[in-house]
$ cat query.txt   # compact mmCIF, C-alpha atoms
# COMPACT_ATOMS: atom_id res chain seq x y z
CA MET A 191 8.11 20.99 -21.36
CA GLU A 192 5.49 23.74 -20.86
CA PRO A 193 5.76 26.59 -23.41
CA ASP A 194 5.87 29.25 -20.66
CA LEU A 195 8.71 27.40 -18.94
CA VAL A 196 10.64 27.21 -22.19
CA LYS A 197 10.16 30.93 -22.80
CA SER A 198 11.47 31.80 -19.35
CA SER A 199 14.60 29.68 -19.65
CA LEU A 200 18.05 31.12 -20.19
CA PHE A 201 18.47 29.18 -23.42
CA TYR A 202 15.26 30.49 -24.94
CA ALA A 203 16.19 34.06 -23.95
CA ASP A 204 19.62 33.65 -25.49
CA GLN A 205 18.05 32.55 -28.78
CA ARG A 206 16.04 35.76 -28.93
CA LEU A 207 18.64 38.13 -27.51
CA CYS A 208 20.72 40.16 -29.92
CA SER A 209 23.53 42.11 -28.27
CA ALA A 210 26.48 44.37 -29.01
CA GLU A 211 29.84 42.87 -28.09
CA ILE A 212 32.78 44.55 -26.38
CA LEU A 213 35.56 44.18 -28.94
CA SER A 214 39.21 45.17 -29.25
CA PRO A 215 40.16 47.90 -31.75
CA SER A 216 41.63 45.32 -34.12
CA GLU A 217 38.42 43.27 -34.06
CA VAL A 218 36.27 46.33 -34.79
CA ARG A 219 38.56 47.40 -37.64
CA ALA A 220 38.29 43.87 -39.05
CA ARG A 221 34.48 44.07 -39.01
CA ILE A 222 34.58 47.43 -40.79
CA GLU A 223 36.92 45.96 -43.41
CA VAL A 224 34.57 43.01 -43.95
CA ALA A 225 31.65 45.42 -44.41
CA VAL A 226 33.63 47.35 -47.02
CA LEU A 227 34.69 44.17 -48.86
CA ASN A 228 31.12 42.87 -48.94
CA PHE A 229 29.93 46.18 -50.37
CA LEU A 230 32.64 46.16 -53.05
CA LYS A 231 31.81 42.55 -53.88
CA ILE A 232 28.19 43.54 -54.56
CA LEU A 233 29.23 46.49 -56.73
CA THR A 234 31.70 44.47 -58.83
CA SER A 235 29.58 41.36 -59.34
CA PRO A 236 28.36 40.56 -62.91
CA THR A 237 24.80 41.20 -61.73
CA PRO A 238 25.06 43.94 -59.09
CA ALA A 239 22.31 43.87 -56.50
CA VAL A 240 20.74 46.82 -54.75
CA ALA A 241 23.15 48.02 -52.07
CA THR A 242 21.64 47.71 -48.58
CA LEU A 243 22.96 47.64 -45.02
CA PRO A 244 21.33 45.07 -42.71
CA LEU A 245 20.78 46.64 -39.27
CA VAL A 246 19.24 45.16 -36.14
CA SER A 247 15.81 46.79 -35.93
CA ARG A 248 15.47 49.28 -33.06
CA THR A 249 11.67 49.33 -32.82
CA SER A 250 9.18 48.27 -30.17
CA ASP A 251 8.06 45.38 -32.41
CA ASN A 252 11.56 43.91 -32.19
CA SER A 253 12.02 44.44 -28.46
CA GLY A 254 11.13 42.67 -25.27
CA LEU A 255 11.88 42.63 -21.55
CA ARG A 256 14.53 40.21 -20.38
CA HIS A 257 14.22 38.99 -16.78
CA GLY A 258 17.37 37.98 -14.89
CA LEU A 259 17.41 34.43 -13.59
CA LEU A 260 19.74 35.03 -10.64
CA SER A 261 18.79 38.63 -9.86
CA ASP A 262 15.83 41.01 -9.82
CA VAL A 263 17.23 43.02 -12.72
CA SER A 264 15.20 43.22 -15.94
CA SER A 265 16.34 44.93 -19.10
CA VAL A 266 15.17 45.82 -22.59
CA PHE A 267 16.52 43.56 -25.33
CA LEU A 268 16.34 43.53 -29.12
CA SER A 269 15.71 40.39 -31.12
CA HIS A 270 17.13 39.46 -34.53
CA SER A 271 14.65 41.23 -36.83
CA ILE A 272 16.48 43.25 -39.49
CA CYS A 273 15.80 46.58 -41.11
CA THR A 274 17.87 48.04 -43.95
CA ARG A 275 19.45 51.26 -45.09
CA SER A 276 19.27 51.35 -48.89
CA LEU A 277 21.24 53.46 -51.34
CA THR A 278 18.34 53.44 -53.80
CA ARG A 279 15.53 54.62 -51.50
CA ALA A 280 15.17 58.38 -51.58
CA ASN A 281 14.60 58.74 -47.84
CA ASP A 282 17.41 56.30 -47.02
CA ALA A 283 20.23 57.28 -49.37
CA LYS A 284 21.76 59.93 -47.11
CA ALA A 285 21.37 57.71 -44.02
CA PHE A 286 23.14 54.94 -45.97
CA ILE A 287 26.09 57.22 -46.75
CA ARG A 288 26.20 58.55 -43.17
CA VAL A 289 26.87 55.04 -41.89
CA TRP A 290 29.96 54.76 -44.09
CA LYS A 291 31.17 58.23 -43.08
CA VAL A 292 30.94 57.39 -39.37
CA MET A 293 32.64 54.02 -39.89
CA GLU A 294 35.46 55.76 -41.75
CA ILE A 295 36.17 58.09 -38.83
CA CYS A 296 35.83 55.24 -36.30
CA PHE A 297 38.38 53.24 -38.30
CA GLN A 298 40.81 56.17 -38.17
CA VAL A 299 40.24 56.82 -34.46
CA LEU A 300 40.78 53.16 -33.56
CA HIS A 301 43.95 53.02 -35.68
CA GLN A 302 45.29 56.04 -33.76
CA GLY A 303 44.34 54.51 -30.40
CA LYS A 304 42.20 57.51 -29.47
CA LEU A 305 38.65 58.19 -28.24
CA VAL A 306 36.19 60.85 -29.41
CA THR A 307 32.93 62.07 -27.91
CA GLN A 308 29.80 62.14 -30.04
CA ARG A 309 29.99 65.93 -29.93
CA GLU A 310 33.54 65.88 -31.31
CA LEU A 311 32.37 63.38 -33.92
CA PHE A 312 29.60 65.78 -34.98
CA TYR A 313 32.01 68.70 -35.49
CA LYS A 314 34.39 66.47 -37.46
CA LEU A 315 31.58 65.24 -39.73
CA LEU A 316 30.11 68.74 -40.06
CA SER A 317 33.52 69.93 -41.28
CA ASP A 318 34.21 66.99 -43.61
CA SER A 319 30.72 66.21 -44.91
CA PRO A 320 28.35 69.15 -44.31
CA GLU A 321 26.00 67.92 -47.06
CA PHE A 322 25.24 64.78 -45.02
CA PHE A 323 25.47 65.95 -41.40
CA THR A 324 23.62 69.03 -40.20
CA SER A 325 22.62 68.10 -36.63
CA GLN A 326 23.86 66.21 -33.59
CA ARG A 327 20.74 64.03 -33.77
CA GLN A 328 21.78 62.71 -37.19
CA VAL A 329 25.15 61.72 -35.74
CA ASN A 330 23.57 60.03 -32.72
CA ILE A 331 21.20 58.00 -34.91
CA THR A 332 24.02 57.03 -37.28
CA VAL A 333 26.24 55.87 -34.41
CA GLN A 334 23.42 53.56 -33.31
CA ASP A 335 23.11 52.37 -36.93
CA VAL A 336 26.81 51.44 -36.89
CA VAL A 337 26.37 49.63 -33.56
CA ALA A 338 23.42 47.73 -35.08
CA LEU A 339 25.44 46.88 -38.20
CA LEU A 340 28.72 45.80 -36.60
CA ARG A 341 27.15 44.40 -33.38
CA CYS A 342 29.73 46.06 -31.14
CA THR A 343 29.38 48.62 -28.36
CA ARG A 344 29.76 52.34 -28.88
CA GLN A 345 32.87 52.37 -26.69
CA SER A 346 34.38 49.63 -28.87
CA LEU A 347 33.98 51.98 -31.84
CA GLY A 348 36.21 54.51 -30.05
CA ILE A 349 33.27 56.77 -29.21
CA MET A 350 33.27 58.01 -25.63
CA ALA A 351 30.16 58.92 -23.69
CA SER A 352 29.56 62.64 -23.10
CA SER A 353 28.92 62.53 -19.39
CA ARG A 354 26.89 65.09 -17.45
CA GLY A 355 26.84 63.01 -14.28
CA ALA A 356 28.11 63.70 -10.77
CA ILE A 357 28.42 61.62 -7.60
CA ILE A 358 28.87 62.47 -3.91
CA GLY A 359 28.45 60.83 -0.51
CA ARG A 360 29.77 57.84 1.39
CA LEU A 361 32.08 56.55 -1.29
CA LEU A 362 35.82 56.19 -1.75
CA LEU A 363 36.89 55.69 -5.35
CA GLN A 364 40.30 55.22 -6.86
CA GLU A 365 41.54 55.21 -10.42
CA PRO A 366 44.51 52.90 -11.17
CA GLY A 367 47.71 54.55 -9.97
CA GLU A 368 45.89 57.61 -8.62
CA GLU A 369 45.09 58.88 -5.13
CA ILE A 370 41.88 57.87 -3.37
CA ILE A 371 38.99 60.33 -3.78
CA ASP A 372 36.74 60.71 -0.74
CA CYS A 373 33.38 61.75 -2.16
CA SER A 374 32.06 62.70 1.30
CA VAL A 375 34.34 65.76 1.61
CA LEU A 376 33.69 67.27 -1.83
CA GLY A 377 31.79 70.47 -2.55
CA GLN A 378 28.10 70.36 -3.43
CA ALA A 379 28.81 69.84 -7.14
CA GLY A 380 30.30 66.43 -6.31
CA HIS A 381 32.75 64.36 -8.34
CA VAL A 382 32.38 64.64 -12.11
CA ILE A 383 31.81 61.25 -13.73
CA SER A 384 34.20 60.56 -16.60
CA GLY A 385 32.77 59.64 -20.00
CA ASP A 386 35.51 57.03 -20.55
CA LEU A 387 33.86 53.67 -19.82
CA ASN A 388 37.24 51.93 -19.89
CA LEU A 389 38.38 54.15 -17.03
CA LEU A 390 35.10 53.70 -15.13
CA SER A 391 35.42 49.93 -15.45
CA LYS A 392 38.75 50.06 -13.56
CA LEU A 393 37.58 52.18 -10.62
CA VAL A 394 37.93 50.60 -7.17
CA PHE A 395 35.07 51.36 -4.75
CA HIS A 396 34.78 51.32 -0.95
CA SER A 397 31.65 52.42 0.88
CA ASP A 398 29.78 52.19 4.18
CA ALA A 399 26.57 53.53 2.65
CA ARG A 400 23.18 51.94 3.21
CA TYR A 401 21.50 53.32 0.10
CA ILE A 402 22.29 54.50 -3.42
CA ILE A 403 19.99 57.40 -4.37
CA ILE A 404 19.56 58.63 -7.95
CA VAL A 405 18.45 62.27 -8.10
CA GLU A 406 16.77 63.49 -11.28
CA LYS A 407 17.39 67.23 -10.90
CA ASP A 408 20.83 68.77 -10.49
CA ALA A 409 19.37 71.55 -8.29
CA ILE A 410 17.96 68.96 -5.86
CA PHE A 411 21.22 66.98 -5.98
CA GLN A 412 23.22 70.08 -5.02
CA ARG A 413 20.77 70.99 -2.27
CA LEU A 414 20.98 67.50 -0.73
CA ALA A 415 24.77 67.59 -1.09
CA GLU A 416 24.94 71.02 0.57
CA ASP A 417 22.81 69.73 3.46
CA ARG A 418 25.15 66.72 3.75
CA LEU A 419 22.21 64.32 3.61
CA PHE A 420 24.65 61.43 3.28
CA ASN A 421 25.91 62.08 6.82
CA GLN A 422 22.37 61.87 8.21
CA ILE A 423 21.34 58.91 6.03
CA PRO A 424 24.45 56.98 4.95
CA CYS A 425 24.07 57.02 1.19
CA ILE A 426 25.65 57.68 -2.18
CA LEU A 427 23.96 60.39 -4.26
CA ILE A 428 24.25 60.29 -8.05
CA THR A 429 22.72 62.44 -10.79
CA ALA A 430 22.80 62.67 -14.58
CA LYS A 431 21.10 66.10 -14.42
CA GLY A 432 18.05 64.88 -16.30
CA TYR A 433 17.83 61.95 -18.71
CA PRO A 434 20.67 59.54 -17.90
CA ASP A 435 23.75 59.34 -20.10
CA ILE A 436 25.61 56.07 -20.61
CA ALA A 437 28.52 56.94 -18.28
CA THR A 438 26.20 57.69 -15.34
CA ARG A 439 24.22 54.51 -15.99
CA PHE A 440 27.44 52.52 -16.23
CA ILE A 441 28.92 53.72 -12.93
CA LEU A 442 25.54 53.13 -11.24
CA HIS A 443 25.51 49.60 -12.64
CA ARG A 444 29.05 49.04 -11.33
CA LEU A 445 28.09 50.34 -7.87
CA ASN A 446 25.08 48.02 -7.90
CA GLN A 447 27.34 45.08 -8.76
CA ASN A 448 29.94 45.99 -6.15
CA PHE A 449 27.36 46.58 -3.42
CA PRO A 450 24.47 44.25 -4.32
CA ASP A 451 22.84 44.58 -0.89
CA LEU A 452 22.36 48.35 -1.18
CA PRO A 453 18.87 49.40 -2.36
CA VAL A 454 18.99 51.66 -5.42
CA LEU A 455 16.33 54.39 -5.11
CA ALA A 456 15.35 57.02 -7.68
CA LEU A 457 14.09 60.45 -6.57
CA VAL A 458 12.21 61.71 -9.63
CA ASP A 459 9.28 64.01 -10.33
CA TRP A 460 5.75 62.59 -10.29
CA ASN A 461 5.22 63.18 -13.99
CA PRO A 462 5.76 61.27 -17.26
CA ALA A 463 9.30 62.59 -17.74
CA GLY A 464 10.30 61.48 -14.24
CA LEU A 465 8.85 58.05 -14.87
CA ALA A 466 10.64 57.80 -18.23
CA ILE A 467 13.93 58.65 -16.51
CA LEU A 468 13.34 56.00 -13.85
CA CYS A 469 12.53 53.41 -16.54
CA THR A 470 15.72 54.22 -18.45
CA TYR A 471 17.81 53.53 -15.33
CA LYS A 472 15.81 50.39 -14.55
CA PHE A 473 15.34 48.78 -17.97
CA GLY A 474 17.46 50.67 -20.49
CA SER A 475 16.05 51.98 -23.77
CA ILE A 476 14.97 50.49 -27.09
CA THR A 477 17.26 52.92 -28.92
CA MET A 478 20.25 51.34 -27.18
CA GLY A 479 18.62 47.93 -26.79
CA LEU A 480 21.75 46.08 -27.95
CA GLU A 481 23.60 47.36 -24.87
CA SER A 482 20.81 47.94 -22.31
CA TYR A 483 21.50 44.82 -20.28
CA ARG A 484 24.99 46.12 -19.50
CA TYR A 485 23.58 49.11 -17.58
CA ALA A 486 20.22 48.03 -16.12
CA CYS A 487 19.71 48.13 -12.33
CA ASN A 488 16.90 47.10 -10.01
CA VAL A 489 15.80 50.65 -9.22
CA LYS A 490 12.96 51.47 -6.81
CA TRP A 491 10.86 54.64 -7.04
CA LEU A 492 11.44 57.15 -4.23
CA GLY A 493 9.16 60.17 -4.28
CA LEU A 494 5.60 61.38 -4.72
CA ARG A 495 2.64 59.13 -5.48
CA GLY A 496 -0.79 60.18 -6.66
CA ASP A 497 -2.21 59.94 -3.13
CA ASP A 498 0.42 62.41 -1.90
CA LEU A 499 -0.77 65.25 -4.14
CA GLN A 500 -3.37 66.30 -1.60
CA LEU A 501 -0.46 67.23 0.70
CA VAL A 502 1.13 69.51 -1.92
CA PRO A 503 0.03 73.20 -1.98
CA GLN A 504 -1.73 74.21 -5.18
CA HIS A 505 0.79 76.96 -5.90
CA SER A 506 3.54 74.29 -6.11
CA LEU A 507 1.79 72.53 -8.99
CA VAL A 508 1.98 73.28 -12.71
CA GLN A 509 -0.09 71.90 -15.55
CA LEU A 510 1.34 69.12 -17.68
CA LYS A 511 2.70 70.42 -20.98
CA PRO A 512 2.10 68.84 -24.42
CA ARG A 513 5.56 67.27 -24.23
CA ASP A 514 4.62 65.58 -20.91
CA LEU A 515 1.46 64.15 -22.47
CA GLN A 516 3.45 62.95 -25.48
CA ILE A 517 5.86 61.08 -23.18
CA ALA A 518 2.89 59.62 -21.27
CA ARG A 519 1.31 58.33 -24.49
CA SER A 520 4.63 56.79 -25.54
CA LEU A 521 5.00 54.99 -22.19
CA MET A 522 1.39 53.82 -22.24
CA SER A 523 1.84 52.31 -25.72
CA SER A 524 4.94 50.38 -24.62
CA LYS A 525 4.56 46.61 -24.49
CA LEU A 526 7.33 46.46 -21.92
CA LEU A 527 5.80 48.38 -19.04
CA GLN A 528 2.63 47.91 -17.03
CA LEU A 529 2.11 51.60 -16.24
CA ARG A 530 -1.29 52.40 -17.71
CA ARG A 531 -3.14 53.12 -14.47
CA MET A 532 -0.32 55.27 -13.08
CA LEU A 533 -0.08 57.33 -16.27
CA TRP A 534 -3.86 57.65 -16.50
CA MET A 535 -3.84 59.13 -12.99
CA MET A 536 -1.17 61.64 -14.04
CA SER A 537 -3.19 62.69 -17.10
CA GLN A 538 -6.28 63.18 -14.95
CA TYR A 539 -4.47 65.42 -12.48
CA ARG A 540 -2.58 67.08 -15.32
CA VAL A 541 -0.15 68.41 -12.76
CA THR A 542 3.44 67.81 -11.83
CA SER A 543 5.44 68.71 -8.75
CA SER A 544 7.70 71.67 -9.36
CA THR A 545 11.00 70.69 -7.77
CA GLY A 546 13.32 73.10 -9.54
CA ASN A 547 15.10 73.20 -12.84
CA ASN A 548 18.26 71.48 -14.00
$ encode --input "query.txt" --output "structure tokens"
Amino acid sequence: MEPDLVKSSLFYADQRLCSAEILSPSEVRARIEVAVLNFLKILTSPTPAVATLPLVSRTSDNSGLRHGLLSDVSSVFLSHSICTRSLTRANDAKAFIRVWKVMEICFQVLHQGKLVTQRELFYKLLSDSPEFFTSQRQVNITVQDVVALLRCTRQSLGIMASSRGAIIGRLLLQEPGEEIIDCSVLGQAGHVISGDLNLLSKLVFHSDARYIIIVEKDAIFQRLAEDRLFNQIPCILITAKGYPDIATRFILHRLNQNFPDLPVLALVDWNPAGLAILCTYKFGSITMGLESYRYACNVKWLGLRGDDLQLVPQHSLVQLKPRDLQIARSLMSSKLLQLRRMLWMMSQYRVTSSTGNN
């Protein structure tokens, strides 16, 4: 068999793919207990070894792009390369302890049958362990460490997504035992997307739309909703008000599965940040590579191209900022995406369309 054919097969992909499982609370608690027992076993052995935590590596060197065999959807995946958090390394010791602190709270939350947002988790940890947790970013990284250690999804840990998303347009949705919500008669703010993925997984959808349109900016989303665009072009409008959160990506993925014939289009700025947002919807992210395939969609780019800039008045353009150039360099260095020419064009123009703020 040809090597390229082997590499494209489902079985080869499965050998490389490392994923986070959806587990019941009892299964997650059991994995936490096993982690604790293994740690205690190391500490109490006659010849104690250096205490380390083996985590699935979340780096570009351990990532790839997985192509669907029966669909056009591609997604980021992580392979089985391991990195460690060590108690004896000076720059790792606090990160090592943070993992145990987060697992402790997750164990308690799962035992109580509750859910917490990452923001609530931060305030809890800030109160209980201020010497180890001083920022939301530390909590976010540690949650991903726990996912990489236990190989289960964030929702399985009892951690609920903090959703910023909204949806409006030609869509009827219904929660179990609740009344039907007609998203075409809502105000311009639309229907707020819940951060509870369990609830989102049970939603029932009905739609006569012809398109699903992702809108990067909340201001543009509200303007299109106010103009009732979905009555002129039968569509469903959805926004995460910037970079997409998990809940917005999840409901988009569910809509894509329920209505596979509807094109999914993304209206984003012609700049590196807009492209990064589109890629997150389309492929997922390396940071959440263990779960990316659960949310990826075959998204098409709707919006400006480089050739269109000549049609845009100069006063509507602003110069790219250092942060934009940093994002462009990050995307250009990615092994996953073939975007070099597009990003080079952006850097040459050094301009971005000004379509309003979030």
$ residues_around --input "query.txt" --residues "region 409-426 of chain A" --least-positions-apart "4" --cutoff "8 Å" --atoms "all atoms listed in the file" --output "PDB file with C-alpha atoms, in the frame of the given file"
ATOM      1  CA  ILE A 357      28.420  61.620  -7.600  1.00  0.00           C
ATOM      2  CA  ILE A 358      28.870  62.470  -3.910  1.00  0.00           C
ATOM      3  CA  GLY A 359      28.450  60.830  -0.510  1.00  0.00           C
ATOM      4  CA  ARG A 360      29.770  57.840   1.390  1.00  0.00           C
ATOM      5  CA  LEU A 361      32.080  56.550  -1.290  1.00  0.00           C
ATOM      6  CA  SER A 374      32.060  62.700   1.300  1.00  0.00           C
ATOM      7  CA  GLY A 377      31.790  70.470  -2.550  1.00  0.00           C
ATOM      8  CA  GLN A 378      28.100  70.360  -3.430  1.00  0.00           C
ATOM      9  CA  ALA A 379      28.810  69.840  -7.140  1.00  0.00           C
ATOM     10  CA  GLY A 380      30.300  66.430  -6.310  1.00  0.00           C
ATOM     11  CA  ASP A 398      29.780  52.190   4.180  1.00  0.00           C
ATOM     12  CA  ALA A 399      26.570  53.530   2.650  1.00  0.00           C
ATOM     13  CA  ARG A 400      23.180  51.940   3.210  1.00  0.00           C
ATOM     14  CA  TYR A 401      21.500  53.320   0.100  1.00  0.00           C
ATOM     15  CA  ILE A 402      22.290  54.500  -3.420  1.00  0.00           C
ATOM     16  CA  ILE A 403      19.990  57.400  -4.370  1.00  0.00           C
ATOM     17  CA  VAL A 405      18.450  62.270  -8.100  1.00  0.00           C
ATOM     18  CA  THR A 545      11.000  70.690  -7.770  1.00  0.00           C
ATOM     19  CA  GLY A 546      13.320  73.100  -9.540  1.00  0.00           C
ATOM     20  CA  ASN A 547      15.100  73.200 -12.840  1.00  0.00           C
ATOM     21  CA  ASN A 548      18.260  71.480 -14.000  1.00  0.00           C
TER      22      ASN A 548
END
$ atom_distance --input "query.txt" --atom1 "CA of Ala225 (chain A)" --atom2 "CA of Ser250 (chain A)"
26.8 Å
$ closest_residue --input "query.txt" --among "A:Glu365, A:Glu223, A:Asp282, A:Glu217" --to "Thr242 (chain A)" --atoms "all atoms listed in the file"
A:Asp282
$ closest_residue --input "query.txt" --among "A:Ser216, A:Ser209, A:Ala280, A:Pro236" --to "Gln302 (chain A)" --atoms "all atoms listed in the file"
A:Ser216
$ closest_residue --input "query.txt" --among "A:Asn448, A:Thr274, A:Ser520, A:Ser317" --to "Leu339 (chain A)" --atoms "only C-alpha atoms"
A:Thr274
$ residues_near_point --input "query.txt" --point "(16.7, 60.5, -5.5)" --cutoff "8 Å" --atoms "only C-alpha atoms" --output "PyMOL selection string"
chain A and resi 403-406+411+427-428+455-458+492-493
$ closest_residue --input "query.txt" --among "A:Arg484, A:Lys431, A:Lys304, A:His443" --to "Ala210 (chain A)" --atoms "all atoms listed in the file"
A:Arg484
$ atom_distance --input "query.txt" --atom1 "CA of Asn388 (chain A)" --atom2 "CA of Phe440 (chain A)"
10.5 Å
$ atom_distance --input "query.txt" --atom1 "CA of Val454 (chain A)" --atom2 "CA of Cys487 (chain A)"
7.8 Å
$ residues_around --input "query.txt" --residues "Thr477 (chain A)" --least-positions-apart "5" --cutoff "8 Å" --atoms "all atoms listed in the file" --output "number ranges by chain"
A: 248-249, 334
$ closest_residue --input "query.txt" --among "A:His381, A:Lys472, A:Arg256, A:His301" --to "Asn446 (chain A)" --atoms "all atoms listed in the file"
A:Lys472
$ closest_residue --input "query.txt" --among "A:Thr307, A:Asn330, A:Ser506, A:Ser319" --to "Ser353 (chain A)" --atoms "all atoms listed in the file"
A:Thr307
$ axis_aligned_box --input "query.txt" --around "region 351-354 of chain A" --padding-each-side "4 Å" --output "JSON"
{"center_x": 28.5, "center_y": 62.0, "center_z": -20.6, "size_x": 11.3, "size_y": 14.2, "size_z": 14.2}
$ residues_near_point --input "query.txt" --point "(29.5, 65.8, -37.4)" --cutoff "10 Å" --atoms "all atoms listed in the file" --output "JSON, numbers by chain"
{"A": [288, 291, 292, 308, 309, 310, 311, 312, 313, 314, 315, 316, 317, 318, 319, 320, 322, 323, 324, 325, 326, 327, 328, 329, 330]}
$ write_last_selection --input "query.txt" --atoms "C-alpha atoms" --output "short mmCIF file (atom, residue, chain, number, x, y, z; two decimals), keeping the file's coordinate frame"
data_model
loop_
_atom_site.label_atom_id
_atom_site.label_comp_id
_atom_site.auth_asym_id
_atom_site.auth_seq_id
_atom_site.Cartn_x
_atom_site.Cartn_y
_atom_site.Cartn_z
CA ARG A 288 26.20 58.55 -43.17
CA LYS A 291 31.17 58.23 -43.08
CA VAL A 292 30.94 57.39 -39.37
CA GLN A 308 29.80 62.14 -30.04
CA ARG A 309 29.99 65.93 -29.93
CA GLU A 310 33.54 65.88 -31.31
CA LEU A 311 32.37 63.38 -33.92
CA PHE A 312 29.60 65.78 -34.98
CA TYR A 313 32.01 68.70 -35.49
CA LYS A 314 34.39 66.47 -37.46
CA LEU A 315 31.58 65.24 -39.73
CA LEU A 316 30.11 68.74 -40.06
CA SER A 317 33.52 69.93 -41.28
CA ASP A 318 34.21 66.99 -43.61
CA SER A 319 30.72 66.21 -44.91
CA PRO A 320 28.35 69.15 -44.31
CA PHE A 322 25.24 64.78 -45.02
CA PHE A 323 25.47 65.95 -41.40
CA THR A 324 23.62 69.03 -40.20
CA SER A 325 22.62 68.10 -36.63
CA GLN A 326 23.86 66.21 -33.59
CA ARG A 327 20.74 64.03 -33.77
CA GLN A 328 21.78 62.71 -37.19
CA VAL A 329 25.15 61.72 -35.74
CA ASN A 330 23.57 60.03 -32.72
#
